[in-house]
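One structure is given below, encoded as C-alpha cells.
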Amino acid sequence: MNKSLEHDPKSCWEIFKDEEHQQGMDDLAARYIDFLTRCKTERETIKYVEDRLREAGFEDYLGADQCFRSFRDKTIFIARKGKNPLSQGFRLVGAHADTPRIDFKQHPLYEDLGMSMAKTHYYGGIRKYQWLARPLSLHGVVVKADGTKVDVVIGEDTDDPVLSILDLLPHLAYKQVTKNVTDAFEAEKLNILMGHSMSFSNDEDGEAGEEKNGKPSVKRKVLELLNEKYDIVEEDLFSAEMHIVPAGPARYVGLDKSVVGGYGQDDRSCVFLALEAFLNAPEPEHAQIVLFYDKEEIGSEGSTGAKSLFFEYCLEDLIEAWEPNAKMSRVMMAGKALSTDVHAAIDPDYQDVHEKLNSAYLGYGPCFCKFTGHRGKVGANDAHPEFVAWLRNILNEAGAPWQMAELGKVDLGGGGTVAKFLALYGMDVIDFGPPVLSMHSPFELTSKADLYATELAFRTFLKN
C-alpha cells in the first residue's frame with residue numbers, strides 16, 4: 001500500500017461526513033449527555049455501569065464468561081472471555097471514574113451572620129475561583145450508625161434549591177485583585193451557603209423556640225430539613241461522603257451543537273466510551289478486561305485506586321476460573337492496555353502554553369500520549385515504539401482517526417495517569433483519550449466528532 005511521505009492529519013468531520021456516521025455521532029452524543037447528567041460522582045458512575053452490564057447479561061461472579069466485580073461502590077473490574085486462552089494475553093481498557101470536586105469536611109455545618117454554612121475541603125486539581133457564585137448541587141452517601149446507607153442528591157431536580165459559594169464584590173476586591181491566584185482564593189473560604197431561615201423548634205435541652213445558647217438557629221433549620229428528607233442527624237455526617245458538584249445537566253455547546261459541555265468529562269468521557277465500546281465488541285479473539293478506578297485525581301491512592309491490589313485479586317480469581325494452570329506473571333506480561341484518559345486540547349486563547357507541532361487538536365480524534373510526567377518525563381510511563389506501531393496499524397486498518405501529542409510545553413507543567421501503575425505488571429500500555437478544553441473546570445468541553453472516533457478506536461482495540 002502506498003503511503004504519503006508526509007503525515008497529513010484530517011479532521012474527523014471530514015472523515016465522518018456521510019449521513020450514517022453523522023447519525024451515529026448524534027446518537028452517541030445524546031447518550032453521553034444523559035450519562036454526564038446522571039453520573040456526577042464515582043458511586044453514581046459505578047452504579048450506572050453495573051446497571052448497563054446486568055442489562056447486557058453480565059454476571060456478578062468472576063468465573064462466568066461475561067462477568068464483573070465492583071468494590072466499595074467506587075471501582076469495578078469487568079471481563080469477557082476470548083476465543084484464545086487467557087495466557088495468550090488480554091486487551092485491557094482502564095479509566096478513572098473520579099473527577100475534581102469540593103467535599104464537605106467531616107464536621108461541616110456552622111452558622112455565622114444569620115446564615116447556615118458548610119465547611120469544605122476540595123478534591124483534586126481545581127481552580128478555586130471557577131467554583132464561586134455558581135449553582136451547585138450536593139451528591140453523596142450517608143451511612144448511619146446501624147449501617148443503613150442513605151443516598152443524598154439536592155440541586156438537580158427543577159424543583160430543588162441549589163447551593164452556592166459566595167464571592168467578593170468587585171467594589172471591595174481591590175486588595176484581592178493585586179494578589180496571585182493562589183493567595184487571592186483561599187481554600188478555607190470555599191464554604192457553602194446552606195440556608196438563611198431560622199428554626200424555632202424545641203431542643204431536647206432547651207426551652208421552646210430557643211437553642212441551647214438561648215437564640216433561634218439557622219443551622220438547626222438546615223439539620224431539620226435534612227432530617228425530614230433523609231432521616232439523618234448531624235452525627236451521621238461523620239460517616240458520610242458529601243460532594244459539591246455543579247448543578248444542572250450537560251448541554252450541547254455551539255450553534256451547530258458540535259461540542260458537548262458538562263462537568264466531569266475528565267475522565268468520565270473515557271468511562272462512558274470504554275463501556276460503549278466494550279458492549280459493542282463481543283466474541284473477541286483475546287480476553288477483554290475493563291477497569292474503572294477511583295482516586296486518580298489524588299494520586300491513585302487507597303483501596304479503590306490504581307495503586308491498590310484490586311486488579312490483581314480479580315485477575316487471580318479469573319485465572320483460577322478460566323485457566324487454572326496459567327501463571328499470573330505470564331498472563332500479565334502478554335497483556336496490552338490502553339490507559340484511557342483525556343488530553344488537553346490546544347486552546348485558541350492560550351496557544352502560548354502549547355507547542356503546536358505536538359499538541360492535541362479538537363476534532364482530530366483521540367490522542368496518544370506516549371508519556372506524561374513533568375520536566376524530564378519524571379513519573380511517566382513511556383510507551384514502547386513496538387506497541388505504538390501495532391496500535392497505529394490496527395486503527396488505520398479500521399479507519400479510526402487518531403493523533404499524537406504531549407501535555408503542553410516542556411517545563412510549563414505536567415500531569416500523570418494510571419498508565420505507570422499498569423506498566424508495573426509488564427504489559428504494554430499507553431495513554432489514549434479524547435482532547436478536552438477547559439479541563440478540570442466545572443464545565444469541560446469535548447467534540448462530538450472526537451467522542452465518536454474514540455469509541456471506534458476503543459472498540460477496534462478490544463476486538464482487533
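Identifiers in this document derive from the order of the C-alpha cells: chains are assigned A, B, ..., residues are numbered from 1 separately in each chain, and ligands are numbered from 1 in order of occurrence.
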
Pick out the residues sitting within 10 Å of Lys40 of chain A, and hand them over as a CSV table (one decimal) with C-alpha atoms, in the first residue's frame; count only C-alpha atoms, and ignore anything fewer than 4 positions along from it in its own chain.
chain,number,residue,atom,x,y,z
A,35,PHE,CA,-24.8,9.8,31.3
A,36,LEU,CA,-22.9,13.0,32.3
A,44,GLU,CA,-23.2,7.1,40.7
A,45,THR,CA,-20.9,6.2,37.8
A,97,ALA,CA,-14.4,7.5,37.5
A,98,ASP,CA,-13.5,10.2,39.9
A,99,THR,CA,-13.2,13.9,39.0
A,101,ARG,CA,-14.8,18.5,43.1
A,137,SER,CA,-25.6,20.6,44.0
A,138,LEU,CA,-25.0,18.2,46.8
A,139,HIS,CA,-24.4,14.5,46.0
A,140,GLY,CA,-23.3,11.9,48.4
A,243,HIS,CA,-19.7,16.1,47.4
A,244,ILE,CA,-20.4,19.5,46.0
A,245,VAL,CA,-20.6,19.4,42.2
A,246,PRO,CA,-22.0,21.8,39.5
A,247,ALA,CA,-25.8,21.7,39.3
A,262,GLY,CA,-20.6,19.3,31.1
A,263,TYR,CA,-18.9,18.5,34.4
A,264,GLY,CA,-16.6,15.5,34.9
A,265,GLN,CA,-15.6,14.7,31.4
A,268,ARG,CA,-15.9,10.0,32.7

Sort by chain and increasing residue number a table of all residues of segment 180-285 of chain A within 7 Å of segment 456-463 of chain A, each with its closest pair of atoms and their distance in Å to one decimal, counting only C-alpha atoms, and write it as a Markdown table.
| residue | atom | partner | partner_atom | distance |
| --- | --- | --- | --- | --- |
| A:Ala274 | CA | A:Phe458 | CA | 6.3 |
| A:Ala277 | CA | A:Arg459 | CA | 4.6 |
| A:Phe278 | CA | A:Arg459 | CA | 6.4 |
| A:Asn280 | CA | A:Arg459 | CA | 6.9 |
| A:Ala281 | CA | A:Lys463 | CA | 5.8 |
| A:Pro284 | CA | A:Lys463 | CA | 5.0 |
| A:Glu285 | CA | A:Lys463 | CA | 6.6 |

Got time to write the residues from that selection, C-alpha atoms, as a PDB file, in the first residue's frame?
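Contents of the output file selection-v5.pdb:
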ATOM      1  CA  ALA A 274     -14.979   2.378  27.029  1.00  0.00           C
ATOM      2  CA  ALA A 277     -17.087   0.070  23.006  1.00  0.00           C
ATOM      3  CA  PHE A 278     -16.907  -2.963  25.280  1.00  0.00           C
ATOM      4  CA  ASN A 280     -20.206  -3.331  21.118  1.00  0.00           C
ATOM      5  CA  ALA A 281     -17.214  -5.695  20.797  1.00  0.00           C
ATOM      6  CA  PRO A 284     -13.234 -11.321  20.856  1.00  0.00           C
ATOM      7  CA  GLU A 285     -10.093 -13.214  19.922  1.00  0.00           C
TER       8      GLU A 285
END

Legend entry - Which residue of A:Phe104, A:Phe387, A:Phe311, A:Tyr32 approaches Met427 of chain A most closely, using only C-alpha atoms: A:Phe387

Compile the contact shell of His21 of chain A as a JSON list (two decimals) with C-alpha atoms, in the first residue's frame: residues with an atom at most 12 Å away, counting only C-alpha atoms, same-chain residues fewer than 4 positions apart removed.
[["chain", "number", "residue", "atom", "x", "y", "z"],
["A", 12, "CYS", "CA", -12.93, 13.78, 11.99],
["A", 13, "TRP", "CA", -15.60, 15.99, 10.44],
["A", 14, "GLU", "CA", -14.09, 15.23, 7.03],
["A", 15, "ILE", "CA", -13.70, 11.52, 7.71],
["A", 16, "PHE", "CA", -17.21, 11.06, 9.14],
["A", 17, "LYS", "CA", -19.09, 13.43, 6.84],
["A", 25, "MET", "CA", -22.31, 10.64, 16.17],
["A", 26, "ASP", "CA", -25.56, 12.33, 17.23],
["A", 27, "ASP", "CA", -26.92, 9.17, 18.88],
["A", 28, "LEU", "CA", -23.72, 8.62, 20.86],
["A", 448, "LYS", "CA", -18.85, 15.16, 19.27],
["A", 449, "ALA", "CA", -16.56, 14.01, 16.48],
["A", 452, "TYR", "CA", -17.39, 9.15, 18.15],
["A", 453, "ALA", "CA", -13.83, 8.47, 16.93],
["A", 456, "LEU", "CA", -14.49, 3.40, 17.41]]

Legend entry - 10 Å contact set for Glu297 of chain A, only C-alpha atoms, chain neighbours under 6 positions out, as a ChimeraX atom specification: /A:96-101,123-125,266-267,305,416-418,440

Inset, instruction - Based on DSSP run over this structure's backbone, return all residues of segment 83-134 of chain A in helix (DSSP H, G or I), as a list of chain:residue names. - result: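 Output for segment 83-134 of chain A, helix (DSSP H, G or I) only: A:Leu86, A:Ser87, A:Gln88, A:Lys128, A:Tyr129, A:Gln130, A:Trp131.
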
Env of Lys327 of chain A: 10 Å cut, atoms = only C-alpha atoms, seq-sep filter 4 positions within chain, self excluded. Answer as an mmCIF file with N, CA and C atoms, in the first residue's frame.
data_model
loop_
_atom_site.group_PDB
_atom_site.id
_atom_site.type_symbol
_atom_site.label_atom_id
_atom_site.label_comp_id
_atom_site.auth_asym_id
_atom_site.auth_seq_id
_atom_site.Cartn_x
_atom_site.Cartn_y
_atom_site.Cartn_z
ATOM 1 N N LEU A 86 -6.434 -17.293 28.208
ATOM 2 C CA LEU A 86 -6.009 -16.082 28.912
ATOM 3 C C LEU A 86 -4.495 -15.924 28.905
ATOM 4 N N SER A 87 -3.782 -17.039 28.913
ATOM 5 C CA SER A 87 -2.317 -16.984 28.947
ATOM 6 C C SER A 87 -1.724 -16.392 27.672
ATOM 7 N N GLU A 316 -6.523 -12.833 39.569
ATOM 8 C CA GLU A 316 -6.218 -14.107 40.228
ATOM 9 C C GLU A 316 -7.435 -15.037 40.193
ATOM 10 N N ILE A 319 -8.196 -16.143 36.511
ATOM 11 C CA ILE A 319 -7.293 -17.209 36.061
ATOM 12 C C ILE A 319 -7.722 -18.548 36.652
ATOM 13 N N GLU A 320 -8.051 -18.553 37.932
ATOM 14 C CA GLU A 320 -8.479 -19.793 38.593
ATOM 15 C C GLU A 320 -9.719 -20.385 37.927
ATOM 16 N N GLU A 323 -8.498 -20.501 33.436
ATOM 17 C CA GLU A 323 -7.303 -21.245 33.029
ATOM 18 C C GLU A 323 -6.431 -21.512 34.259
ATOM 19 N N VAL A 331 0.354 -14.182 32.173
ATOM 20 C CA VAL A 331 -0.864 -13.515 31.704
ATOM 21 C C VAL A 331 -0.654 -12.007 31.652
ATOM 22 N N MET A 332 -0.087 -11.460 32.722
ATOM 23 C CA MET A 332 0.131 -10.016 32.791
ATOM 24 C C MET A 332 1.047 -9.522 31.676
#

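Once Ile165 of chain A and its same-chain neighbours fewer than 3 positions away are set aside, A:Trp131, A:Leu132, A:Ala133, A:Arg134, A:Leu190, A:Asn191, A:Ile192, A:Leu193 remain within 8 Å of it when counting only C-alpha atoms.
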
What does the file look like for those residues with C-alpha atoms, as a PDB file, in the first residue's frame?
ATOM      1  CA  TRP A 131     -16.458  27.397  41.732  1.00  0.00           C
ATOM      2  CA  LEU A 132     -17.605  30.728  43.174  1.00  0.00           C
ATOM      3  CA  ALA A 133     -21.013  32.335  42.583  1.00  0.00           C
ATOM      4  CA  ARG A 134     -22.473  29.491  40.531  1.00  0.00           C
ATOM      5  CA  LEU A 190     -14.853  27.790  49.827  1.00  0.00           C
ATOM      6  CA  ASN A 191     -17.803  27.497  52.188  1.00  0.00           C
ATOM      7  CA  ILE A 192     -21.298  26.579  51.034  1.00  0.00           C
ATOM      8  CA  LEU A 193     -24.396  28.673  51.727  1.00  0.00           C
TER       9      LEU A 193
END

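Interatomic distance, atom CA of Glu312 of chain A against atom CA of Met328 of chain A: 8.7 Å.
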
Env of Ser258 of chain A: 7 Å cut, atoms = only C-alpha atoms, seq-sep filter 2 positions within chain, self excluded. Answer as a PDB file with N, CA and C atoms, in the first residue's frame.
ATOM      1  N   VAL A 253     -22.958  22.616  23.101  1.00  0.00           N
ATOM      2  CA  VAL A 253     -22.333  23.935  23.032  1.00  0.00           C
ATOM      3  C   VAL A 253     -22.084  24.273  21.565  1.00  0.00           C
ATOM      4  N   GLY A 254     -22.309  25.518  21.190  1.00  0.00           N
ATOM      5  CA  GLY A 254     -22.125  25.960  19.810  1.00  0.00           C
ATOM      6  C   GLY A 254     -23.432  25.937  19.049  1.00  0.00           C
ATOM      7  N   ASP A 256     -24.018  24.944  16.182  1.00  0.00           N
ATOM      8  CA  ASP A 256     -24.181  23.700  15.423  1.00  0.00           C
ATOM      9  C   ASP A 256     -24.258  22.467  16.320  1.00  0.00           C
ATOM     10  N   VAL A 260     -19.866  19.079  23.271  1.00  0.00           N
ATOM     11  CA  VAL A 260     -20.596  18.707  24.491  1.00  0.00           C
ATOM     12  C   VAL A 260     -19.940  19.409  25.673  1.00  0.00           C
ATOM     13  N   SER A 447     -15.458  17.457  21.763  1.00  0.00           N
ATOM     14  CA  SER A 447     -16.048  17.465  20.431  1.00  0.00           C
ATOM     15  C   SER A 447     -16.855  16.195  20.199  1.00  0.00           C
ATOM     16  N   LYS A 448     -18.050  16.328  19.638  1.00  0.00           N
ATOM     17  CA  LYS A 448     -18.849  15.164  19.273  1.00  0.00           C
ATOM     18  C   LYS A 448     -18.075  14.233  18.350  1.00  0.00           C
TER      19      LYS A 448
END

Please identify every residue of segment 104-130 of chain A that has at least one atom no farther than 10 Å from an atom of segment 177-184 of chain A, counting only C-alpha atoms, and for each give the shortest atom pair and the distance in Å to one decimal, arranged by chain then increasing number, as CSV.
residue,atom,partner,partner_atom,distance
A:Arg127,CA,A:Val181,CA,8.7
A:Lys128,CA,A:Thr182,CA,8.5
A:Tyr129,CA,A:Val181,CA,8.3
